[in-house]
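S.K.: Before I ask anything, let me first share the structure, which is written out below as structure tokens.
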Amino acid sequence: EVYTDGTKIESAAGRYTFVWGNAIKTRKEKMMQQLEEMWEYAQSIADDEDKDPTPPDFKKVEKEKVEQTAQKINKILKGNDKATAKAKAKARYIKKNFAANLEKYEQQEVLLAGRNSYSKT
């Protein structure tokens, strides 16, 4: 005998609800590359008193380092007439989002725990 009760369960485990380990790694690399490019741009247009002879090391990703670097870049670009509006907007975006995204990626990596992917549902 077969009994049915008419229960309907929504399935939300589509391909866009997965967190992929390689995607996290790629996003972190892109973030560091963009941060490094913005640092180089800021140093190229910075006044002599704002120039930092030793660039930050972006090989190891740390939230505090990202926040400090974003603040330095913002400070240099904010008062500089040579900086383009596009560069200033990108610096604001970096300051606002990169640290939070980095924290989110670290939490996702903990959940991955050596696997290639996991579903958010």
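So you can find residues: chains in the structure tokens are A, B, ... in the order shown, residues in each start at 1, and ligands are numbered from 1 in order.
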What's the 12 Å shell around Arg92 in chain A, counting only C-alpha atoms, without same-chain residues fewer than 3 positions away, as a ChimeraX atom specification?

M.R.: /A:35,38,67,69-78,85-89,95-98

S.K.: Generate a file of the selected residues that holds N, CA and C atoms, formatted as a PDB file, in the first residue's frame.

M.R.:
```pdb
ATOM      1  N   LEU A  35      43.397  45.795  -4.868  1.00  0.00           N
ATOM      2  CA  LEU A  35      43.941  46.593  -3.775  1.00  0.00           C
ATOM      3  C   LEU A  35      45.375  47.028  -4.092  1.00  0.00           C
ATOM      4  N   MET A  38      45.266  49.753  -6.792  1.00  0.00           N
ATOM      5  CA  MET A  38      44.859  51.038  -6.214  1.00  0.00           C
ATOM      6  C   MET A  38      45.990  51.645  -5.388  1.00  0.00           C
ATOM      7  N   GLU A  67      41.881  46.795   5.748  1.00  0.00           N
ATOM      8  CA  GLU A  67      41.251  48.020   6.257  1.00  0.00           C
ATOM      9  C   GLU A  67      42.251  49.173   6.328  1.00  0.00           C
ATOM     10  N   THR A  69      45.098  49.585   4.657  1.00  0.00           N
ATOM     11  CA  THR A  69      45.502  49.989   3.312  1.00  0.00           C
ATOM     12  C   THR A  69      44.397  50.789   2.638  1.00  0.00           C
ATOM     13  N   ALA A  70      43.151  50.357   2.791  1.00  0.00           N
ATOM     14  CA  ALA A  70      42.026  51.086   2.199  1.00  0.00           C
ATOM     15  C   ALA A  70      41.920  52.485   2.786  1.00  0.00           C
ATOM     16  N   GLN A  71      42.155  52.627   4.076  1.00  0.00           N
ATOM     17  CA  GLN A  71      42.119  53.948   4.703  1.00  0.00           C
ATOM     18  C   GLN A  71      43.234  54.841   4.173  1.00  0.00           C
ATOM     19  N   LYS A  72      44.434  54.281   4.016  1.00  0.00           N
ATOM     20  CA  LYS A  72      45.553  55.062   3.483  1.00  0.00           C
ATOM     21  C   LYS A  72      45.271  55.525   2.053  1.00  0.00           C
ATOM     22  N   ILE A  73      44.753  54.620   1.235  1.00  0.00           N
ATOM     23  CA  ILE A  73      44.436  54.957  -0.157  1.00  0.00           C
ATOM     24  C   ILE A  73      43.380  56.048  -0.195  1.00  0.00           C
ATOM     25  N   ASN A  74      42.337  55.900   0.614  1.00  0.00           N
ATOM     26  CA  ASN A  74      41.275  56.897   0.660  1.00  0.00           C
ATOM     27  C   ASN A  74      41.809  58.260   1.090  1.00  0.00           C
ATOM     28  N   LYS A  75      42.687  58.258   2.067  1.00  0.00           N
ATOM     29  CA  LYS A  75      43.270  59.510   2.567  1.00  0.00           C
ATOM     30  C   LYS A  75      44.083  60.207   1.477  1.00  0.00           C
ATOM     31  N   ILE A  76      44.855  59.454   0.737  1.00  0.00           N
ATOM     32  CA  ILE A  76      45.686  60.025  -0.327  1.00  0.00           C
ATOM     33  C   ILE A  76      44.815  60.578  -1.444  1.00  0.00           C
ATOM     34  N   LEU A  77      43.818  59.817  -1.873  1.00  0.00           N
ATOM     35  CA  LEU A  77      42.992  60.232  -3.010  1.00  0.00           C
ATOM     36  C   LEU A  77      42.025  61.352  -2.664  1.00  0.00           C
ATOM     37  N   LYS A  78      41.586  61.404  -1.410  1.00  0.00           N
ATOM     38  CA  LYS A  78      40.562  62.364  -1.016  1.00  0.00           C
ATOM     39  C   LYS A  78      41.018  63.810  -1.212  1.00  0.00           C
ATOM     40  N   ALA A  85      37.645  60.809 -10.531  1.00  0.00           N
ATOM     41  CA  ALA A  85      36.427  60.477  -9.790  1.00  0.00           C
ATOM     42  C   ALA A  85      36.214  58.964  -9.751  1.00  0.00           C
ATOM     43  N   LYS A  86      36.594  58.292 -10.823  1.00  0.00           N
ATOM     44  CA  LYS A  86      36.453  56.846 -10.886  1.00  0.00           C
ATOM     45  C   LYS A  86      37.348  56.167  -9.843  1.00  0.00           C
ATOM     46  N   ALA A  87      38.566  56.664  -9.702  1.00  0.00           N
ATOM     47  CA  ALA A  87      39.492  56.102  -8.713  1.00  0.00           C
ATOM     48  C   ALA A  87      38.995  56.354  -7.297  1.00  0.00           C
ATOM     49  N   LYS A  88      38.441  57.531  -7.056  1.00  0.00           N
ATOM     50  CA  LYS A  88      37.904  57.842  -5.730  1.00  0.00           C
ATOM     51  C   LYS A  88      36.719  56.944  -5.407  1.00  0.00           C
ATOM     52  N   ALA A  89      35.864  56.701  -6.398  1.00  0.00           N
ATOM     53  CA  ALA A  89      34.711  55.832  -6.191  1.00  0.00           C
ATOM     54  C   ALA A  89      35.165  54.399  -5.895  1.00  0.00           C
ATOM     55  N   LYS A  95      37.007  50.444   0.549  1.00  0.00           N
ATOM     56  CA  LYS A  95      36.933  50.704   1.993  1.00  0.00           C
ATOM     57  C   LYS A  95      35.644  50.139   2.588  1.00  0.00           C
ATOM     58  N   LYS A  96      34.560  50.268   1.863  1.00  0.00           N
ATOM     59  CA  LYS A  96      33.254  49.853   2.373  1.00  0.00           C
ATOM     60  C   LYS A  96      33.061  48.338   2.332  1.00  0.00           C
ATOM     61  N   ASN A  97      33.530  47.658   1.289  1.00  0.00           N
ATOM     62  CA  ASN A  97      33.152  46.268   1.047  1.00  0.00           C
ATOM     63  C   ASN A  97      34.233  45.211   1.247  1.00  0.00           C
ATOM     64  N   PHE A  98      35.480  45.533   0.997  1.00  0.00           N
ATOM     65  CA  PHE A  98      36.499  44.491   0.964  1.00  0.00           C
ATOM     66  C   PHE A  98      36.670  43.781   2.307  1.00  0.00           C
TER      67      PHE A  98
END
```

S.K.: Just list the residues in chain A DSSP gives alpha helix (DSSP H) on the backbone, as a ChimeraX atom specification.

M.R.: /A:21-45,63-78,85-93,99-112

S.K.: Return as a ChimeraX atom specification the full set of residues in chain A whose backbone-based DSSP assignment is strand (DSSP E).

M.R.: /A:18-20,117-119

S.K.: Compare A:Lys30, A:Gln43, A:Glu103, A:Asn22 by their minimum atom-to-atom distance to Glu62 in chain A, counting only C-alpha atoms, and give me the closest one.

M.R.: A:Glu103

S.K.: Can you tell me which residues surround Lys63 in chain A at a distance of at most 10 Å, considering only C-alpha atoms, apart from same-chain residues fewer than 6 positions away, and format the answer as a list in words?

M.R.: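 Counting only C-alpha atoms, the residues come to Phe98, Ala99, Ala100, Asn101, Leu102, Glu103 and Glu106 of chain A.
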
S.K.: Compare A:Ala12, A:Val61, A:Leu111, A:Met32 by their minimum atom-to-atom distance to Ile94 in chain A, counting only C-alpha atoms, and give me the closest one.

M.R.: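 Smallest separation from Ile94 in chain A among the options: A:Met32.
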
S.K.: When you count only C-alpha atoms, which of these residues is closest to Gln107 in chain A: A:Gly14, A:Gly6, A:Pro56, A:Gly21?

M.R.: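 For Gln107 in chain A, the nearest of the candidates is A:Gly21.
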
S.K.: So, with only C-alpha atoms as the atoms that count, which of A:Lys25, A:Lys104, A:Lys90, A:Arg15 lies closest to Ala42 in chain A?

M.R.: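 Of A:Lys25, A:Lys104, A:Lys90, A:Arg15, the one nearest Ala42 in chain A, counting only C-alpha atoms, is A:Lys90.
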
S.K.: CA of Trp20 in chain A and CA of Lys60 in chain A are how many Å apart?

M.R.: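 Spanning CA of Trp20 in chain A to CA of Lys60 in chain A is a straight-line distance of 20.6 Å.
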
S.K.: Env of range 119-121 of chain A: 7 Å cut, atoms = only C-alpha atoms, seq-sep filter 4 positions within chain, self excluded. Answer as a VMD selection string.

M.R.: chain A and resid 12 to 13 17 to 19

S.K.: Which is closer to Thr84 in chain A than all the others in A:Ala113, A:Gln34, A:Val66, A:Ile45, using only C-alpha atoms?

M.R.: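 When distances to Thr84 in chain A are compared using only C-alpha atoms, the smallest one comes from A:Ile45.
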
S.K.: Could you check the closest approach to Ser44 in chain A for each of A:Gly114, A:Lys82, A:Glu109, A:Tyr93 and tell me which residue wins, using only C-alpha atoms?

M.R.: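 Closest to Ser44 in chain A, using only C-alpha atoms: A:Lys82.
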